[in-house]
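Source file upload07.cif; content: mmCIF, C-alpha atoms and all ligand atoms.
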data_work
#
loop_
_atom_site.label_atom_id
_atom_site.label_comp_id
_atom_site.auth_asym_id
_atom_site.auth_seq_id
_atom_site.Cartn_x
_atom_site.Cartn_y
_atom_site.Cartn_z
CA MET A 1094 -10.54 -18.02 13.77
CA SER A 1095 -7.14 -16.43 14.19
CA LYS A 1096 -5.54 -13.85 16.41
CA VAL A 1097 -4.19 -11.23 13.99
CA LEU A 1098 -1.74 -8.47 14.85
CA ILE A 1099 -1.99 -5.59 12.37
CA CYS A 1100 1.09 -3.36 12.41
CA GLY A 1101 0.01 0.00 10.97
CA ILE A 1102 -3.66 -0.30 11.98
CA ASP A 1103 -4.29 3.46 11.67
CA GLY A 1104 -3.45 3.57 7.93
CA TYR A 1105 -5.48 3.39 4.71
CA LEU A 1106 -5.23 -0.39 4.45
CA GLY A 1107 -4.69 -1.14 8.15
CA TRP A 1108 -7.94 0.32 9.43
CA THR A 1109 -9.98 -1.15 6.57
CA LEU A 1110 -8.44 -4.57 7.20
CA ALA A 1111 -9.08 -4.36 10.96
CA LEU A 1112 -12.80 -3.88 10.27
CA HIS A 1113 -12.90 -6.59 7.62
CA LEU A 1114 -11.11 -9.25 9.65
CA SER A 1115 -13.22 -8.41 12.72
CA SER A 1116 -16.38 -8.84 10.63
CA ARG A 1117 -15.15 -12.33 9.77
CA GLY A 1118 -14.74 -13.23 13.43
CA HIS A 1119 -10.97 -12.87 13.77
CA GLU A 1120 -9.50 -11.35 16.92
CA VAL A 1121 -7.67 -8.18 15.92
CA ILE A 1122 -4.88 -6.43 17.77
CA GLY A 1123 -3.34 -3.31 16.29
CA LEU A 1124 -0.29 -1.18 16.71
CA ASP A 1125 0.65 2.16 15.21
CA ASN A 1126 2.80 5.22 15.96
CA PHE A 1127 0.67 7.67 13.87
CA GLU A 1128 3.63 8.65 11.68
CA ARG A 1129 1.42 8.59 8.58
CA ARG A 1130 -0.77 11.36 9.95
CA LYS A 1131 2.34 13.43 10.78
CA ASN A 1132 4.00 12.82 7.41
CA VAL A 1133 0.91 13.88 5.47
CA GLU A 1134 0.72 16.99 7.63
CA GLU A 1135 4.36 17.68 6.85
CA VAL A 1136 3.62 17.81 3.11
CA GLY A 1137 0.83 20.31 3.82
CA SER A 1138 -2.15 18.00 3.50
CA TRP A 1139 -4.65 15.83 5.34
CA SER A 1140 -7.00 12.97 4.62
CA ALA A 1141 -9.90 13.98 2.35
CA THR A 1142 -12.13 11.82 4.52
CA PRO A 1143 -12.44 13.26 8.03
CA ILE A 1144 -11.01 10.39 10.04
CA SER A 1145 -11.33 10.32 13.79
CA ASP A 1146 -8.51 9.46 16.18
CA ILE A 1147 -7.82 5.83 17.00
CA ASN A 1148 -9.76 5.85 20.29
CA GLU A 1149 -12.88 7.16 18.57
CA ARG A 1150 -12.44 4.63 15.78
CA LEU A 1151 -12.17 1.74 18.22
CA LYS A 1152 -15.15 2.99 20.23
CA SER A 1153 -17.24 3.26 17.11
CA ALA A 1154 -16.22 -0.22 15.87
CA LYS A 1155 -17.36 -1.55 19.25
CA SER A 1156 -20.62 0.36 19.57
CA ARG A 1157 -21.76 -0.19 15.97
CA HIS A 1158 -20.60 -3.77 15.44
CA GLY A 1159 -19.41 -5.12 18.77
CA TYR A 1160 -15.80 -5.51 17.57
CA GLU A 1161 -13.27 -5.68 20.41
CA ILE A 1162 -10.12 -4.46 18.67
CA SER A 1163 -7.22 -3.88 21.04
CA PHE A 1164 -4.53 -1.31 20.38
CA ALA A 1165 -1.01 -0.40 21.46
CA GLU A 1166 0.78 2.80 20.47
CA GLY A 1167 4.42 2.40 19.45
CA SER A 1168 6.91 1.93 16.65
CA THR A 1169 8.33 -1.17 14.98
CA LEU A 1170 11.73 0.50 15.52
CA ASP A 1171 11.26 0.06 19.30
CA TYR A 1172 12.22 -3.56 19.97
CA GLY A 1173 11.18 -3.35 23.64
CA PHE A 1174 7.70 -2.28 22.59
CA LEU A 1175 7.42 -4.97 19.90
CA SER A 1176 8.61 -7.66 22.32
CA LYS A 1177 5.98 -6.63 24.84
CA VAL A 1178 3.16 -6.72 22.28
CA MET A 1179 4.27 -10.03 20.75
CA GLY A 1180 5.11 -11.61 24.10
CA LYS A 1181 1.66 -10.73 25.45
CA SER A 1182 -0.44 -11.54 22.40
CA HIS A 1183 1.34 -14.46 20.65
CA PRO A 1184 -0.54 -13.79 17.38
CA ASP A 1185 -1.27 -16.49 14.80
CA VAL A 1186 -0.80 -13.96 12.00
CA VAL A 1187 1.17 -10.71 11.82
CA VAL A 1188 0.12 -8.36 9.00
CA HIS A 1189 2.88 -5.81 8.44
CA LEU A 1190 1.56 -2.53 6.99
CA ALA A 1191 3.58 -0.20 9.21
CA GLU A 1192 5.84 1.26 6.55
CA GLN A 1193 6.38 4.67 4.97
CA PRO A 1194 4.59 4.01 1.65
CA SER A 1195 5.33 7.06 -0.49
CA ALA A 1196 7.87 7.01 -3.32
CA PRO A 1197 8.00 10.84 -3.66
CA PHE A 1198 8.41 11.27 0.12
CA SER A 1199 11.42 8.94 0.01
CA MET A 1200 12.96 10.85 -2.89
CA ALA A 1201 12.67 14.36 -1.41
CA ASP A 1202 16.20 14.49 -0.01
CA ARG A 1203 18.75 12.53 2.01
CA GLU A 1204 16.79 12.87 5.26
CA HIS A 1205 13.61 11.45 3.75
CA ALA A 1206 15.44 8.61 2.02
CA PHE A 1207 17.19 7.77 5.30
CA TYR A 1208 13.99 7.97 7.32
CA THR A 1209 12.15 5.72 4.85
CA GLN A 1210 14.86 3.08 4.71
CA GLN A 1211 15.40 3.11 8.46
CA ASN A 1212 11.71 2.89 9.28
CA ASN A 1213 10.88 0.24 6.70
CA VAL A 1214 13.94 -2.01 6.55
CA LEU A 1215 14.94 -1.90 10.22
CA GLY A 1216 11.31 -1.97 11.41
CA THR A 1217 10.79 -5.18 9.44
CA LEU A 1218 14.03 -6.63 10.76
CA ASN A 1219 12.87 -5.94 14.33
CA LEU A 1220 9.56 -7.60 13.57
CA LEU A 1221 11.32 -10.71 12.23
CA PHE A 1222 13.41 -10.97 15.41
CA ALA A 1223 10.32 -10.45 17.59
CA MET A 1224 8.47 -13.18 15.68
CA LYS A 1225 11.41 -15.54 16.02
CA GLU A 1226 11.53 -14.94 19.77
CA TYR A 1227 7.84 -14.78 20.69
CA ALA A 1228 5.73 -16.23 17.89
CA PRO A 1229 7.88 -18.44 15.63
CA LYS A 1230 4.85 -20.37 14.39
CA SER A 1231 2.93 -17.28 13.33
CA HIS A 1232 2.49 -16.32 9.69
CA LEU A 1233 3.86 -12.99 8.49
CA VAL A 1234 1.72 -11.32 5.83
CA LYS A 1235 4.12 -8.69 4.57
CA LEU A 1236 3.06 -5.88 2.27
CA GLY A 1237 5.54 -5.56 -0.56
CA THR A 1238 4.86 -3.85 -3.87
CA MET A 1239 4.62 -4.60 -7.58
CA GLY A 1240 7.15 -1.77 -7.86
CA GLU A 1241 9.85 -4.18 -6.61
CA TYR A 1242 9.99 -5.70 -10.09
CA GLY A 1243 10.05 -2.41 -12.01
CA THR A 1244 9.14 -2.62 -15.68
CA PRO A 1245 11.33 -5.34 -17.27
CA ASN A 1246 10.99 -6.22 -20.93
CA ILE A 1247 9.79 -9.73 -20.05
CA ALA A 1248 6.69 -11.05 -18.25
CA ILE A 1249 6.78 -10.79 -14.44
CA PRO A 1250 6.20 -14.08 -12.58
CA GLU A 1251 5.12 -14.38 -8.93
CA GLY A 1252 8.40 -13.90 -7.14
CA PHE A 1253 10.43 -16.72 -8.64
CA PHE A 1254 11.29 -18.03 -12.11
CA GLU A 1255 13.38 -20.73 -13.74
CA VAL A 1256 16.63 -19.47 -15.23
CA GLU A 1257 18.89 -21.30 -17.64
CA TYR A 1258 22.41 -19.85 -17.78
CA ARG A 1259 25.50 -21.38 -19.37
CA GLY A 1260 23.82 -24.72 -19.63
CA ARG A 1261 22.61 -24.91 -16.01
CA LYS A 1262 19.17 -24.27 -14.56
CA ASP A 1263 17.97 -22.88 -11.25
CA TRP A 1264 14.74 -21.62 -9.65
CA MET A 1265 15.56 -18.09 -8.49
CA PRO A 1266 14.03 -14.85 -7.23
CA PHE A 1267 12.97 -12.71 -10.18
CA PRO A 1268 15.34 -9.70 -10.63
CA ARG A 1269 14.25 -6.52 -8.85
CA GLN A 1270 14.50 -3.12 -10.56
CA PRO A 1271 12.68 -0.71 -8.23
CA GLY A 1272 12.09 2.94 -9.07
CA SER A 1273 12.55 4.85 -5.79
CA PHE A 1274 14.26 4.63 -2.40
CA TYR A 1275 10.84 3.66 -1.03
CA HIS A 1276 10.40 0.81 -3.53
CA LEU A 1277 13.95 -0.27 -2.70
CA THR A 1278 12.97 -0.74 0.96
CA LYS A 1279 10.48 -3.38 -0.13
CA VAL A 1280 13.20 -5.19 -2.07
CA HIS A 1281 15.47 -5.18 0.98
CA ASP A 1282 12.54 -6.38 3.12
CA SER A 1283 11.83 -9.25 0.72
CA ALA A 1284 15.45 -10.41 0.96
CA ASN A 1285 15.38 -10.22 4.78
CA VAL A 1286 12.02 -11.99 5.09
CA MET A 1287 13.04 -14.76 2.67
CA PHE A 1288 16.28 -15.25 4.61
CA ALA A 1289 14.47 -15.40 7.98
CA CYS A 1290 12.11 -18.06 6.60
CA LYS A 1291 15.07 -20.08 5.37
CA VAL A 1292 17.23 -19.94 8.48
CA TRP A 1293 14.67 -19.70 11.29
CA GLY A 1294 11.76 -21.56 9.72
CA LEU A 1295 9.37 -18.59 9.88
CA SER A 1296 6.58 -18.56 7.31
CA SER A 1297 5.58 -15.59 5.23
CA THR A 1298 3.42 -14.37 2.38
CA ASP A 1299 5.11 -11.45 0.61
CA ILE A 1300 2.41 -9.50 -1.18
CA MET A 1301 3.45 -7.66 -4.33
CA GLN A 1302 0.51 -5.30 -4.37
CA GLY A 1303 -0.34 -2.92 -7.18
CA VAL A 1304 -1.59 0.65 -6.72
CA VAL A 1305 -4.71 0.60 -4.52
CA TYR A 1306 -7.71 2.86 -5.13
CA GLY A 1307 -11.05 3.37 -3.45
CA THR A 1308 -12.77 5.16 -0.62
CA ARG A 1309 -14.70 2.39 1.10
CA THR A 1310 -15.68 -1.20 1.66
CA ASP A 1311 -18.99 -2.63 2.94
CA ASP A 1312 -17.52 -2.67 6.45
CA ILE A 1313 -17.36 1.14 6.42
CA ASP A 1314 -21.06 1.76 7.01
CA ASP A 1315 -20.78 5.03 8.91
CA ASP A 1316 -18.58 8.14 8.70
CA SER A 1317 -17.13 7.34 12.12
CA LEU A 1318 -15.54 4.25 10.51
CA LEU A 1319 -14.07 5.97 7.42
CA THR A 1320 -10.55 5.09 6.39
CA ARG A 1321 -8.08 7.78 5.37
CA PHE A 1322 -7.84 8.98 1.76
CA ASP A 1323 -4.79 10.92 0.58
CA PHE A 1324 -4.57 13.11 -2.51
CA ASP A 1325 -1.39 15.18 -2.00
CA GLU A 1326 1.63 14.76 -4.31
CA ALA A 1327 3.42 12.36 -1.98
CA PHE A 1328 0.84 10.10 -0.34
CA GLY A 1329 -1.99 10.21 -2.87
CA THR A 1330 -1.78 7.48 -5.50
CA ALA A 1331 -2.73 8.00 -9.15
CA ILE A 1332 -6.46 7.08 -9.29
CA ASN A 1333 -7.18 8.47 -5.83
CA ARG A 1334 -5.52 11.76 -6.78
CA TYR A 1335 -7.42 11.98 -10.06
CA CYS A 1336 -10.76 11.51 -8.29
CA ALA A 1337 -9.95 14.14 -5.66
CA GLN A 1338 -8.83 16.51 -8.43
CA ALA A 1339 -12.02 15.85 -10.43
CA VAL A 1340 -14.35 16.90 -7.60
CA ILE A 1341 -12.64 20.29 -7.10
CA GLY A 1342 -12.27 21.14 -10.79
CA TYR A 1343 -8.46 20.70 -10.74
CA PRO A 1344 -7.21 19.38 -14.11
CA LEU A 1345 -6.12 15.74 -13.76
CA THR A 1346 -2.35 15.28 -13.61
CA PRO A 1347 -0.99 12.37 -15.69
CA TYR A 1348 2.82 12.59 -15.69
CA GLY A 1349 5.02 12.50 -18.79
CA SER A 1350 3.72 10.61 -21.80
CA GLY A 1351 1.02 9.05 -19.64
CA ARG A 1352 1.80 5.73 -21.30
CA GLN A 1353 3.49 4.30 -18.19
CA LYS A 1354 1.57 1.19 -17.20
CA ARG A 1355 0.90 0.07 -13.65
CA ALA A 1356 -1.12 -2.70 -12.02
CA PHE A 1357 -4.11 -1.53 -9.95
CA ILE A 1358 -6.50 -3.08 -7.45
CA ALA A 1359 -9.60 -1.69 -5.69
CA LEU A 1360 -9.47 -1.31 -1.90
CA VAL A 1361 -12.32 -3.77 -1.50
CA ASP A 1362 -10.47 -6.40 -3.57
CA SER A 1363 -7.21 -5.72 -1.76
CA MET A 1364 -9.10 -6.65 1.45
CA GLN A 1365 -10.33 -9.84 -0.17
CA CYS A 1366 -6.75 -10.78 -1.13
CA LEU A 1367 -5.20 -9.96 2.24
CA THR A 1368 -7.94 -11.99 3.93
CA LEU A 1369 -7.25 -14.96 1.64
CA ALA A 1370 -3.57 -14.74 2.62
CA VAL A 1371 -4.45 -14.54 6.34
CA GLU A 1372 -6.89 -17.47 6.18
CA ASN A 1373 -4.71 -19.73 4.02
CA PRO A 1374 -1.26 -19.75 5.63
CA PRO A 1375 1.76 -21.27 3.90
CA LYS A 1376 3.61 -24.27 5.35
CA GLN A 1377 5.94 -23.62 8.28
CA GLY A 1378 9.25 -22.34 6.90
CA GLU A 1379 7.73 -21.39 3.55
CA TYR A 1380 8.26 -18.00 1.89
CA ARG A 1381 5.67 -17.44 -0.83
CA VAL A 1382 4.92 -14.49 -3.09
CA PHE A 1383 1.53 -13.26 -4.35
CA ASN A 1384 1.19 -10.64 -7.07
CA GLN A 1385 -1.88 -8.83 -5.77
CA ILE A 1386 -3.32 -6.96 -8.73
CA ASP A 1387 -6.47 -6.84 -10.77
CA GLU A 1388 -5.89 -4.88 -13.99
CA VAL A 1389 -3.15 -3.02 -15.81
CA TYR A 1390 -3.75 0.53 -17.12
CA GLY A 1391 -1.75 3.38 -18.61
CA VAL A 1392 -1.88 6.51 -16.43
CA TYR A 1393 -3.31 8.79 -19.16
CA GLU A 1394 -5.94 6.19 -20.04
CA LEU A 1395 -6.96 6.25 -16.36
CA ALA A 1396 -7.35 10.01 -16.41
CA GLU A 1397 -9.71 9.60 -19.36
CA GLN A 1398 -11.74 7.03 -17.42
CA VAL A 1399 -12.07 9.42 -14.47
CA LYS A 1400 -13.13 12.20 -16.84
CA ARG A 1401 -15.83 9.90 -18.28
CA ALA A 1402 -17.01 8.82 -14.82
CA GLY A 1403 -17.43 12.48 -13.81
CA ARG A 1404 -19.86 13.32 -16.62
CA PRO A 1405 -23.04 11.73 -15.19
CA LEU A 1406 -22.29 13.53 -11.90
CA GLY A 1407 -22.13 16.89 -13.65
CA LEU A 1408 -18.35 17.20 -13.26
CA ASP A 1409 -16.56 18.95 -16.10
CA VAL A 1410 -13.17 17.29 -15.77
CA GLY A 1411 -10.07 18.59 -17.58
CA ILE A 1412 -6.75 16.79 -18.09
CA GLN A 1413 -3.40 18.60 -18.03
CA ALA A 1414 -0.40 16.30 -18.60
CA LEU A 1415 2.61 17.47 -16.56
CA ALA A 1416 6.35 16.93 -17.03
CA ASP A 1417 7.17 13.66 -15.28
CA PRO A 1418 8.87 14.45 -11.94
CA ARG A 1419 10.01 10.82 -11.70
CA PHE A 1420 12.68 8.79 -13.42
CA GLU A 1421 10.59 6.04 -15.03
CA SER A 1422 10.13 4.35 -18.42
CA GLN A 1423 7.50 6.10 -20.48
CA GLU A 1424 6.94 3.29 -22.99
CA HIS A 1425 7.37 -0.26 -21.87
CA PHE A 1426 6.16 -3.82 -21.97
CA TYR A 1427 4.11 -4.86 -18.90
CA GLU A 1428 2.72 -8.30 -18.31
CA VAL A 1429 2.19 -9.69 -14.83
CA ASP A 1430 1.31 -13.22 -13.64
CA HIS A 1431 -1.27 -13.23 -10.87
CA ASP A 1432 -2.53 -16.77 -10.46
CA ASN A 1433 -1.73 -17.61 -6.83
CA LEU A 1434 -4.58 -15.61 -5.30
CA ARG A 1435 -7.00 -16.79 -7.97
CA LYS A 1436 -6.12 -20.37 -7.05
CA LEU A 1437 -7.17 -19.53 -3.47
CA GLY A 1438 -10.50 -18.18 -4.76
CA PHE A 1439 -9.86 -14.48 -5.42
CA ARG A 1440 -12.48 -12.99 -7.74
CA PRO A 1441 -12.51 -9.22 -8.30
CA THR A 1442 -15.86 -7.86 -7.17
CA HIS A 1443 -15.74 -4.34 -8.61
CA THR A 1444 -15.03 -2.95 -12.04
CA LEU A 1445 -13.03 0.25 -12.30
CA GLU A 1446 -16.15 1.99 -13.63
CA ASP A 1447 -18.29 1.02 -10.58
CA GLU A 1448 -15.55 2.02 -8.19
CA LEU A 1449 -14.93 5.40 -9.81
CA ASP A 1450 -18.60 6.26 -9.44
CA ILE A 1451 -18.55 5.34 -5.72
CA MET A 1452 -15.33 7.29 -5.17
CA LEU A 1453 -16.50 10.45 -6.90
CA ARG A 1454 -19.80 10.41 -4.99
CA ASP A 1455 -17.97 9.89 -1.68
CA LEU A 1456 -15.42 12.60 -2.40
CA LEU A 1457 -18.02 15.14 -3.49
CA ARG A 1458 -19.16 15.14 0.14
CA PHE A 1459 -15.63 16.11 1.22
CA LYS A 1460 -14.96 18.57 -1.58
CA ASP A 1461 -14.26 21.45 0.81
CA ARG A 1462 -11.59 19.49 2.66
CA ILE A 1463 -9.82 18.70 -0.63
CA ASP A 1464 -10.12 22.26 -1.84
CA ALA A 1465 -8.65 23.56 1.43
CA LYS A 1466 -5.42 21.64 0.65
CA ARG A 1467 -5.30 22.12 -3.13
CA ASP A 1468 -1.77 23.56 -2.86
CA ALA A 1469 -0.55 20.11 -1.83
CA ILE A 1470 -1.63 18.56 -5.16
CA ALA A 1471 0.99 19.79 -7.66
CA PRO A 1472 4.12 17.60 -7.82
CA ARG A 1473 7.10 19.25 -6.11
CA THR A 1474 9.46 16.34 -5.61
CA THR A 1475 11.64 15.42 -8.55
CA TRP A 1476 13.72 12.26 -8.79
CA LYS A 1477 16.67 13.94 -10.41
CA ASP A 1478 17.67 16.67 -7.98
CA GLY A 1479 16.37 15.30 -4.67
CA LYS A 1480 16.19 18.87 -3.43
CA SER A 1481 12.56 19.38 -2.55
CA LYS A 1482 12.29 20.27 1.12
CA PRO A 1483 8.88 19.65 2.62
CA GLY A 1484 10.65 20.59 5.86
CA ARG A 1485 11.70 17.48 7.70
CA ARG A 1486 13.89 16.65 10.58
CA MET A 1487 16.26 13.87 11.14
CA VAL A 1488 19.70 12.38 11.22
N1 LIG A 1501 1.23 9.30 -11.65
C1 LIG A 1501 0.72 10.25 -12.53
N2 LIG A 1501 0.07 11.32 -12.00
C2 LIG A 1501 -0.12 11.50 -10.66
C3 LIG A 1501 0.39 10.51 -9.77
C4 LIG A 1501 1.06 9.43 -10.31
O1 LIG A 1501 0.85 10.11 -13.76
O2 LIG A 1501 -0.71 12.50 -10.26
C5 LIG A 1501 1.92 8.12 -12.21
C6 LIG A 1501 3.34 7.93 -11.72
O3 LIG A 1501 4.26 8.67 -12.46
C7 LIG A 1501 3.50 6.41 -11.85
C8 LIG A 1501 2.10 5.87 -11.63
O4 LIG A 1501 1.21 6.97 -11.81
O5 LIG A 1501 3.89 6.10 -13.16
C9 LIG A 1501 1.87 5.29 -10.26
O6 LIG A 1501 2.18 6.28 -9.28
P1 LIG A 1501 1.49 6.26 -7.84
O7 LIG A 1501 1.93 7.48 -7.12
O8 LIG A 1501 0.04 6.00 -7.98
O9 LIG A 1501 2.10 4.93 -7.23
P2 LIG A 1501 3.56 4.58 -6.71
O10 LIG A 1501 4.42 5.76 -6.51
O11 LIG A 1501 4.09 3.52 -7.60
O12 LIG A 1501 3.26 4.01 -5.27
C10 LIG A 1501 1.99 3.52 -4.87
C11 LIG A 1501 1.96 3.47 -3.35
C12 LIG A 1501 3.01 2.49 -2.89
C13 LIG A 1501 2.77 1.14 -3.53
C14 LIG A 1501 2.74 1.28 -5.04
C15 LIG A 1501 2.36 0.01 -5.76
O13 LIG A 1501 2.19 4.76 -2.82
O14 LIG A 1501 2.95 2.40 -1.47
O15 LIG A 1501 3.80 0.27 -3.18
O16 LIG A 1501 1.75 2.25 -5.41
S1 LIG A 1501 3.22 -0.12 -7.29
O17 LIG A 1501 3.00 1.11 -8.07
O18 LIG A 1501 2.71 -1.28 -7.95
O19 LIG A 1501 4.62 -0.23 -6.97
#
What would you get if you wrote out this structure as structure tokens?
Ligand code: USQ
Amino acid sequence: MSKVLICGIDGYLGWTLALHLSSRGHEVIGLDNFERRKNVEEVGSWSATPISDINERLKSAKSRHGYEISFAEGSTLDYGFLSKVMGKSHPDVVVHLAEQPSAPFSMADREHAFYTQQNNVLGTLNLLFAMKEYAPKSHLVKLGTMGEYGTPNIAIPEGFFEVEYRGRKDWMPFPRQPGSFYHLTKVHDSANVMFACKVWGLSSTDIMQGVVYGTRTDDIDDDSLLTRFDFDEAFGTAINRYCAQAVIGYPLTPYGSGRQKRAFIALVDSMQCLTLAVENPPKQGEYRVFNQIDEVYGVYELAEQVKRAGRPLGLDVGIQALADPRFESQEHFYEVDHDNLRKLGFRPTHTLEDELDIMLRDLLRFKDRIDAKRDAIAPRTTWKDGKSKPGRRMV
């Protein structure tokens, strides 16, 4: 069993992973600065699921399941704090989920782009230095994104591919063509992590994860253990937003032609993949890439699936395509390799249909909370003008 430090333990994936790894007997330590809660509040929203504060969460994990999860409050930007946590805990694995994850939030204006890049890129750099100093043998499981690759007109391999150019061949990182200042942070992170592995001999798994959807996993067996669930224009992701919209009678919001394709994975399967990465470390000094996805869908097609899933629950779901606020290809080729996790044993456990039914039933219970923040649903941030002002701070 390993000692696992989860950076960003209070988030959607972080909290779910803390429960899952604890259930498998790992020792979990978490850190967080609660910026996600503040950022969602800034855009006028909250989690559809009523999540308790971290102390209540930890208490409940202990009283219900006996999990002893320890926690430290602080930011990855604070090197003194990181050094203290790493120096005290010497983790075997560091899972890095402590990043600002919203593309629209990063595109709002200069301040939000700056905040996102500073938090994500410099936070990761700090973490790499802290690992080098205090835990050089530990394995960094770093959350990247499928969005690093963009939508090229050729198949997307897992991180690297063989190139032949002017008669010579090399094995190189696949070109990155990200679609927002947020997605760009993940590209910069990948370059920094790969470099740290090369020069300092750190080891890392860089996870190119698709869009995650879902409200629960088996580990969440009581409302006191719920993970957050966002549905606002910035932090809610496509399927999660559609399901929240469906339960309050808000027409589903595919953007543009709706033919943009993305790779998706259920929360429960994302946990399975992250756990496989944690439990099967790479060799010391190795930098490896996993494309962590299950299936590829077009965003209009997904809206139709949510509409269908609502019928047996008595939901009369409408669809209202909106002008695309983003700068993204509307029609494109999309083929993604995802063999590495399958080789380690990954098998998707849930179909989209099963998961949609679970999500809609869960969200119906929290319908009033979603309805109370319905003004946060319509897209306000556009890629072209960068002028939306949700009202933030900073530099
Ligand atoms: N979209 C709609 N309607 C909506 C919301 C989104 O049509 O109401 C479309 C977007 O235009 C885009 C696609 O759905 O074409 C995906 O958008 P998203 O907001 O679900 O996901 P994205 O902005 O790409 O970011 C999310 C997470 C991010 C993660 C990424 C994985 O917020 O942290 O890195 O998914 S990936 O998309 O593979 O890059």
Please build the interface table for chain A against ligand LIG 1501 (chain A) with a cut-off of 7 Å, listing for each qualifying residue the nearest atom pair and the distance in Å to one decimal; count all atoms listed in the file, order rows by chain and increasing number, and write it as CSV.
residue,atom,partner,partner_atom,distance
A:Pro1194,CA,A:LIG1501,O14,3.9
A:Ser1195,CA,A:LIG1501,O13,4.5
A:Ala1196,CA,A:LIG1501,O10,4.9
A:Pro1197,CA,A:LIG1501,O10,6.8
A:Gly1237,CA,A:LIG1501,O15,6.6
A:Thr1238,CA,A:LIG1501,O15,4.3
A:Met1239,CA,A:LIG1501,O18,3.8
A:Gly1240,CA,A:LIG1501,O19,3.1
A:Glu1241,CA,A:LIG1501,O19,6.6
A:His1276,CA,A:LIG1501,O15,6.6
A:Gln1302,CA,A:LIG1501,C15,5.8
A:Gly1303,CA,A:LIG1501,O18,3.5
A:Val1304,CA,A:LIG1501,O16,3.9
A:Val1305,CA,A:LIG1501,O16,6.7
A:Glu1326,CA,A:LIG1501,O2,6.8
A:Phe1328,CA,A:LIG1501,O13,6.0
A:Gly1329,CA,A:LIG1501,O7,6.4
A:Thr1330,CA,A:LIG1501,O8,3.4
A:Ala1331,CA,A:LIG1501,O8,3.6
A:Ile1332,CA,A:LIG1501,O8,6.7
A:Arg1334,CA,A:LIG1501,O2,6.0
A:Tyr1335,CA,A:LIG1501,O2,6.7
A:Thr1346,CA,A:LIG1501,O2,4.7
A:Pro1347,CA,A:LIG1501,O1,3.5
A:Tyr1348,CA,A:LIG1501,O1,3.7
A:Gly1349,CA,A:LIG1501,O1,7.0
A:Gly1351,CA,A:LIG1501,O1,6.0
A:Gln1353,CA,A:LIG1501,O5,5.4
A:Lys1354,CA,A:LIG1501,O5,6.8
A:Arg1355,CA,A:LIG1501,O17,6.1
A:Ala1356,CA,A:LIG1501,O18,5.8
A:Val1392,CA,A:LIG1501,O1,5.2
A:Tyr1393,CA,A:LIG1501,O1,6.9
A:Asp1417,CA,A:LIG1501,O3,6.4
A:Arg1419,CA,A:LIG1501,O3,6.2
A:Glu1421,CA,A:LIG1501,O5,7.0
field: All residues 7 Å or closer to Asn1333 in chain A, only C-alpha atoms, same chain fewer than 3 positions away omitted, as a list in words
entry: Tyr1306, Gly1307, Phe1324, Gly1329, Thr1330, Cys1336 and Ala1337 of chain A
- request: Tell me which of A:Gln1193, A:Ser1422, A:Thr1475, A:Ser1363 sits closest to Pro1245 in chain A, counting all atoms listed in the file.
  value: A:Ser1422
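For range 1155-1160 of chain A, the residues within 10 Å (counting all atoms listed in the file, excluding itself and residues fewer than 4 positions away along the chain) are Ala1111, Leu1112, Leu1114, Ser1115, Ser1116, Gly1118, His1119, Glu1120, Val1121, Glu1149, Arg1150, Leu1151, Asp1312, Asp1314, Asp1315, Ser1317 and Leu1318 of chain A.
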query: Which distance in Å separates CA of Phe1439 in chain A and CA of Gln1365 in chain A, to one decimal?
result: 7.0 Å
query: Contacts of Arg1458 in chain A at 12 Å or less, counting all atoms listed in the file, minus same-chain residues fewer than 2 places along, as a ChimeraX atom specification?
result: /A:1141-1143,1308,1316,1337,1340-1341,1451-1456,1460-1464
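Residue nearest Thr1298 in chain A, chosen from A:Phe1198, A:Phe1254, A:Phe1174, A:Tyr1380 and counting only C-alpha atoms: A:Tyr1380.
A distance cut-off of 10 Å around (-4.3, -16.4, 7.5), counting only C-alpha atoms, selects these protein and nucleic acid residues: Met1094, Ser1095, Lys1096, Val1097, His1119, Asp1185, Val1186, Val1187, Val1188, Ser1231, His1232, Leu1233, Val1234, Thr1298, Leu1367, Thr1368, Leu1369, Ala1370, Val1371, Glu1372, Asn1373, Pro1374 and Pro1375 of chain A.
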- prompt: Any idea what's packed within 8 Å of Thr1310 in chain A, counting only C-alpha atoms, ignoring anything in its chain fewer than 3 positions away? Could you give it as a PyMOL selection string?
  reply: chain A and resi 1109+1313+1360-1361
- request: Measure the distance from CA of Val1429 in chain A to CA of Val1382 in chain A in Å and round it to one decimal.
  value: 13.0 Å
query: Which residue, A:Asn1126, A:Asn1132, A:Asn1219, A:Asn1148, has the smallest gap to Ala1191 in chain A when you use all atoms listed in the file?
result: A:Asn1126
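Shortest atom-to-atom contact with Ala1206 in chain A among A:Phe1222, A:Tyr1105, A:Trp1139, A:Phe1274: A:Phe1274, counting all atoms listed in the file.
The shortest atom-to-atom distance to Gly1167 in chain A, with only C-alpha atoms taken into account, belongs to A:Gly1123 out of A:Gly1342, A:Pro1472, A:Gly1243, A:Gly1123.
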- prompt: CA of Val1286 in chain A and CA of Gly1107 in chain A are how many Å apart?
  reply: 20.2 Å
